[in-house]
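Participant: My structure is in coords24.txt, and what it holds is compact mmCIF, C-alpha atoms:
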```txt
# COMPACT_ATOMS: atom_id res chain seq x y z
CA MET A 1 -32.72 -43.11 49.04
CA ASP A 2 -34.12 -46.32 50.52
CA ASN A 3 -31.43 -49.00 50.83
CA LEU A 4 -33.94 -51.76 51.50
CA GLU A 5 -35.24 -53.71 48.53
CA LYS A 6 -37.67 -56.63 48.46
CA ALA A 7 -36.19 -59.84 47.13
CA ARG A 8 -38.35 -62.57 45.59
CA GLY A 9 -40.72 -63.99 48.16
CA GLY A 10 -40.90 -60.72 50.07
CA ARG A 11 -37.65 -61.13 51.98
CA PRO A 12 -35.81 -57.84 52.53
CA ARG A 13 -32.51 -57.39 50.72
CA THR A 14 -30.15 -54.64 51.76
CA PHE A 15 -27.32 -52.94 49.89
CA ASP A 16 -25.15 -49.89 50.34
CA PRO A 17 -26.49 -47.24 47.91
CA ASP A 18 -23.35 -45.11 48.21
CA ARG A 19 -21.10 -48.03 47.34
CA ALA A 20 -23.34 -48.99 44.45
CA LEU A 21 -23.35 -45.40 43.17
CA ASP A 22 -19.56 -45.20 43.45
CA ALA A 23 -19.26 -48.37 41.38
CA ALA A 24 -21.55 -46.92 38.71
CA MET A 25 -19.66 -43.61 38.75
CA HIS A 26 -16.33 -45.34 38.12
CA LEU A 27 -17.83 -47.40 35.32
CA PHE A 28 -19.31 -44.35 33.57
CA TRP A 29 -16.02 -42.53 34.16
CA GLU A 30 -14.04 -45.30 32.51
CA HIS A 31 -16.34 -46.19 29.61
CA GLY A 32 -18.64 -43.21 29.07
CA TYR A 33 -22.40 -43.08 29.25
CA GLU A 34 -23.45 -44.93 26.11
CA ALA A 35 -20.77 -47.64 26.22
CA THR A 36 -21.76 -48.61 29.76
CA SER A 37 -24.35 -51.35 29.52
CA LEU A 38 -26.88 -52.54 32.07
CA ALA A 39 -24.98 -55.83 32.29
CA MET A 40 -21.79 -53.96 33.17
CA LEU A 41 -23.62 -51.90 35.77
CA ARG A 42 -25.26 -54.99 37.25
CA GLU A 43 -21.91 -56.71 37.67
CA ALA A 44 -20.06 -53.67 39.05
CA MET A 45 -22.85 -52.62 41.42
CA GLY A 46 -23.69 -56.14 42.57
CA LEU A 47 -27.40 -55.52 42.01
CA THR A 48 -30.13 -57.11 39.95
CA PRO A 49 -31.80 -55.06 37.20
CA PRO A 50 -34.97 -54.62 39.32
CA GLN A 51 -32.86 -53.33 42.22
CA ILE A 52 -31.07 -50.88 39.94
CA TYR A 53 -34.34 -49.54 38.55
CA ASN A 54 -36.06 -49.49 41.95
CA ALA A 55 -33.20 -47.52 43.51
CA PHE A 56 -32.16 -45.29 40.59
CA THR A 57 -35.22 -45.29 38.21
CA ASP A 58 -33.29 -45.69 34.94
CA LYS A 59 -29.81 -45.49 33.43
CA GLU A 60 -30.07 -41.77 32.68
CA THR A 61 -31.07 -40.96 36.25
CA LEU A 62 -28.30 -43.18 37.54
CA PHE A 63 -25.79 -41.31 35.38
CA ARG A 64 -27.01 -37.95 36.65
CA LYS A 65 -26.63 -39.16 40.22
CA ALA A 66 -23.13 -40.37 39.32
CA LEU A 67 -22.29 -36.90 38.03
CA THR A 68 -23.45 -35.37 41.30
CA ARG A 69 -21.39 -37.93 43.20
CA TYR A 70 -18.35 -37.12 41.06
CA HIS A 71 -18.80 -33.42 41.72
CA GLU A 72 -19.00 -34.08 45.46
CA THR A 73 -16.05 -36.47 45.73
CA GLU A 74 -13.56 -35.87 42.91
CA ILE A 75 -13.20 -32.15 42.14
CA GLY A 76 -12.46 -30.79 45.58
CA PHE A 77 -9.08 -29.68 44.27
CA ALA A 78 -10.78 -27.18 41.95
CA LEU A 79 -13.15 -25.83 44.57
CA ASP A 80 -10.29 -25.46 47.05
CA ALA A 81 -8.00 -23.76 44.54
CA LEU A 82 -10.55 -21.20 43.38
CA SER A 83 -11.73 -20.34 46.88
CA ALA A 84 -8.30 -20.18 48.54
CA PRO A 85 -7.31 -16.73 49.92
CA VAL A 86 -4.20 -16.55 47.75
CA PRO A 87 -3.06 -14.37 44.82
CA THR A 88 -4.64 -15.17 41.47
CA ARG A 89 -1.52 -16.77 39.98
CA GLU A 90 -1.28 -19.14 42.93
CA ALA A 91 -4.98 -20.00 42.68
CA ILE A 92 -4.66 -20.89 39.00
CA ARG A 93 -1.44 -22.80 39.70
CA ARG A 94 -3.21 -24.87 42.35
CA LEU A 95 -6.12 -25.47 39.98
CA LEU A 96 -3.93 -26.73 37.14
CA GLN A 97 -1.57 -28.74 39.32
CA GLY A 98 -4.56 -30.23 41.12
CA ALA A 99 -6.00 -31.30 37.78
CA ALA A 100 -2.70 -32.93 36.83
CA GLU A 101 -2.83 -34.98 40.03
CA ALA A 102 -6.56 -35.78 39.94
CA TYR A 103 -6.63 -36.77 36.27
CA SER A 104 -3.77 -39.28 36.68
CA ARG A 105 -4.60 -40.72 40.10
CA PRO A 106 -3.62 -44.40 40.43
CA GLY A 107 -6.53 -46.78 40.80
CA LYS A 108 -9.02 -44.45 39.12
CA PRO A 109 -10.00 -43.88 35.49
CA GLY A 110 -7.89 -41.25 33.77
CA GLY A 111 -9.15 -37.78 33.02
CA CYS A 112 -12.35 -36.04 34.06
CA LEU A 113 -15.82 -37.58 33.90
CA PHE A 114 -17.28 -34.23 32.81
CA VAL A 115 -15.09 -34.42 29.71
CA SER A 116 -15.03 -38.13 28.89
CA GLY A 117 -18.58 -39.04 29.89
CA ALA A 118 -20.07 -38.29 26.46
CA LEU A 119 -17.65 -36.58 24.10
CA ALA A 120 -19.61 -37.94 21.15
CA ALA A 121 -23.25 -38.78 21.74
CA SER A 122 -26.05 -40.26 19.67
CA PRO A 123 -29.30 -38.28 19.39
CA GLN A 124 -30.75 -40.51 22.11
CA ALA A 125 -28.06 -39.36 24.54
CA GLN A 126 -28.03 -35.69 23.59
CA ALA A 127 -29.61 -34.66 26.90
CA ILE A 128 -26.67 -36.30 28.71
CA ALA A 129 -24.15 -34.56 26.45
CA ASP A 130 -25.89 -31.25 27.13
CA GLU A 131 -25.72 -31.79 30.89
CA LEU A 132 -22.00 -32.54 30.72
CA LYS A 133 -21.56 -29.38 28.64
CA ALA A 134 -23.37 -27.46 31.38
CA TYR A 135 -20.95 -28.80 34.00
CA ARG A 136 -17.98 -27.75 31.84
CA LYS A 137 -19.47 -24.30 31.27
CA ALA A 138 -20.03 -23.92 35.01
CA SER A 139 -16.37 -24.76 35.61
CA GLU A 140 -15.31 -22.15 33.06
CA ALA A 141 -17.59 -19.58 34.72
CA ALA A 142 -16.05 -20.34 38.13
CA ILE A 143 -12.57 -19.76 36.70
CA ALA A 144 -13.72 -16.49 35.13
CA GLU A 145 -15.21 -15.39 38.45
CA ARG A 146 -11.92 -16.05 40.23
CA LEU A 147 -9.96 -14.16 37.58
CA ALA A 148 -12.37 -11.23 37.82
CA LYS A 149 -11.87 -11.16 41.56
CA GLY A 150 -8.12 -11.07 41.01
CA GLN A 151 -8.46 -8.28 38.48
CA ALA A 152 -10.51 -6.25 40.96
CA ALA A 153 -7.71 -6.78 43.49
CA SER A 154 -5.12 -5.56 40.95
CA ASP A 155 -3.62 -9.04 40.56
CA LEU A 156 -4.27 -8.69 36.83
CA PRO A 157 -4.05 -5.67 34.52
CA GLU A 158 -7.21 -3.83 33.56
CA GLY A 159 -6.93 -4.78 29.89
CA PHE A 160 -6.64 -8.48 30.64
CA SER A 161 -9.57 -10.50 29.17
CA VAL A 162 -10.95 -12.56 32.03
CA GLU A 163 -13.44 -14.43 29.83
CA SER A 164 -10.89 -15.35 27.17
CA PHE A 165 -8.34 -16.58 29.67
CA ALA A 166 -10.98 -18.58 31.56
CA LYS A 167 -11.90 -20.27 28.29
CA TYR A 168 -8.21 -20.95 27.65
CA ILE A 169 -7.67 -22.51 31.09
CA ALA A 170 -10.83 -24.60 30.75
CA GLY A 171 -9.60 -25.75 27.34
CA VAL A 172 -6.21 -26.69 28.77
CA MET A 173 -7.87 -28.71 31.52
CA ASN A 174 -10.08 -30.49 28.97
CA GLY A 175 -6.94 -31.28 26.98
CA MET A 176 -5.20 -32.55 30.10
CA SER A 177 -8.15 -34.86 30.67
CA ILE A 178 -7.88 -36.32 27.18
CA GLN A 179 -4.09 -36.65 27.51
CA ALA A 180 -4.59 -38.51 30.80
CA ARG A 181 -7.02 -40.87 29.06
CA ASP A 182 -4.33 -41.51 26.49
CA GLY A 183 -1.87 -42.46 29.22
CA ALA A 184 -0.03 -39.21 29.98
CA SER A 185 1.76 -39.30 33.31
CA ALA A 186 1.25 -36.87 36.17
CA ASP A 187 4.62 -35.29 35.35
CA GLU A 188 3.60 -34.74 31.73
CA LEU A 189 0.35 -33.16 32.84
CA ARG A 190 2.23 -30.92 35.27
CA ILE A 191 4.34 -29.64 32.37
CA MET A 192 1.14 -28.75 30.51
CA ALA A 193 -0.07 -26.95 33.64
CA GLN A 194 3.17 -24.97 33.96
CA THR A 195 3.06 -24.01 30.28
CA ALA A 196 -0.51 -22.72 30.64
CA LEU A 197 0.34 -20.80 33.80
CA ALA A 198 3.09 -18.98 31.91
CA ALA A 199 0.38 -17.29 29.83
CA LEU A 200 -0.68 -15.19 32.83
CA PRO A 201 0.79 -11.68 32.87
CA PRO A 202 4.08 -11.60 34.82
CA GLU A 203 4.26 -9.98 38.23
CA GLU A 204 6.17 -6.97 36.89
CA GLN A 205 3.44 -6.21 34.35
CA LYS A 206 0.69 -6.48 36.96
CA ARG A 207 2.43 -4.07 39.31
CA GLY A 208 2.89 -1.59 36.52
CA ALA A 209 -0.70 -1.89 35.30
```
Would you write the structure of this file as structure tokens?

Facilitator:
Amino acid sequence: MDNLEKARGGRPRTFDPDRALDAAMHLFWEHGYEATSLAMLREAMGLTPPQIYNAFTDKETLFRKALTRYHETEIGFALDALSAPVPTREAIRRLLQGAAEAYSRPGKPGGCLFVSGALAASPQAQAIADELKAYRKASEAAIAERLAKGQAASDLPEGFSVESFAKYIAGVMNGMSIQARDGASADELRIMAQTALAALPPEEQKRGA
């Protein structure tokens, strides 16, 4: 992305595109897609409307770039948890505890952008809502893949429904995001995480499976 824009009169004007994108990401994260106006973006990003459109094309494209940025910078806890060479219970524990920490981090909007970005959308923003749904479905699929790997390694009993439990964990994480938006503390979110983890089959049952 070119970080050099032409100001009036042809003079070059520079800005940091990563910093501008971070500002937009935090604004969308805090207010959602439709409630975030161009005026709010202009103020937060420190850019003029022509600069915003020259660099990011339009608001929808800017939001999609913000989603990519969020994926790259804010959900490392989930990627690390699901890829760690640890037993399945520990992987899911890390995932849920990581969400409790990430969703209540001081200085950042509460919850998860993939959940709060467009919970309710007008017909004009349905494409954005669908993209956020795709991100959430991809997260659920990654959880299911990790559970299936654990089942193949005899971490989980053969009769255990990987798909159903992945949907349950994804639902818990979505709920944790909404609770964080409503002001739940990290400790309260950790309790939710521990309660969800208790739904996994106990170690004794897995060994006897």

Participant: So which one's closest to Leu132 in chain A, A:Lys149, A:Lys167, A:Lys59, A:His71? Using only C-alpha atoms, please.

Facilitator: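 Comparing A:Lys149, A:Lys167, A:Lys59, A:His71 against Leu132 in chain A, the winner is A:His71.
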
Participant: Find the residues around Arg93 in chain A up to 9 Å (all atoms listed in the file counted), leave out those fewer than 4 positions away in its own chain, and share them as a PyMOL selection string.

Facilitator: chain A and resi 81+88-89+97-98+193-194+197

Participant: Kindly indicate which residue among A:Val172, A:Leu41, A:Ala20, A:Ala199 lies nearest to Ala99 in chain A, using only C-alpha atoms for the distances.

Facilitator: A:Val172

Participant: Looking at A:Met192, A:Ile178, A:Ala66, A:Ala129, which one is nearest to Tyr103 in chain A, with distances taken over all atoms listed in the file?

Facilitator: A:Ile178

Participant: What is the CA of Lys108 in chain A-CA of Ala91 in chain A distance in Å, reported with one decimal?

Facilitator: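 CA of Ala91 in chain A lies at a distance of 25.0 Å from CA of Lys108 in chain A.
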
Participant: Find, counting all atoms listed in the file, the residue in A:Gly171, A:Pro123, A:Gly76, A:Gly183 that gets nearest to Ser104 in chain A.

Facilitator: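 Under the stated criterion, the closest residue is A:Gly183.
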
Participant: Have a look at A:Tyr33, A:Ile143, A:Ala127, A:Leu96 and name the one nearest to Ala196 in chain A; count all atoms listed in the file.

Facilitator: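 Nearest candidate to Ala196 in chain A out of A:Tyr33, A:Ile143, A:Ala127, A:Leu96: A:Leu96.
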
Participant: Please, what distance in Å, to one decimal, runs between CA of Phe15 in chain A and CA of Leu47 in chain A?

Facilitator: 8.3 Å
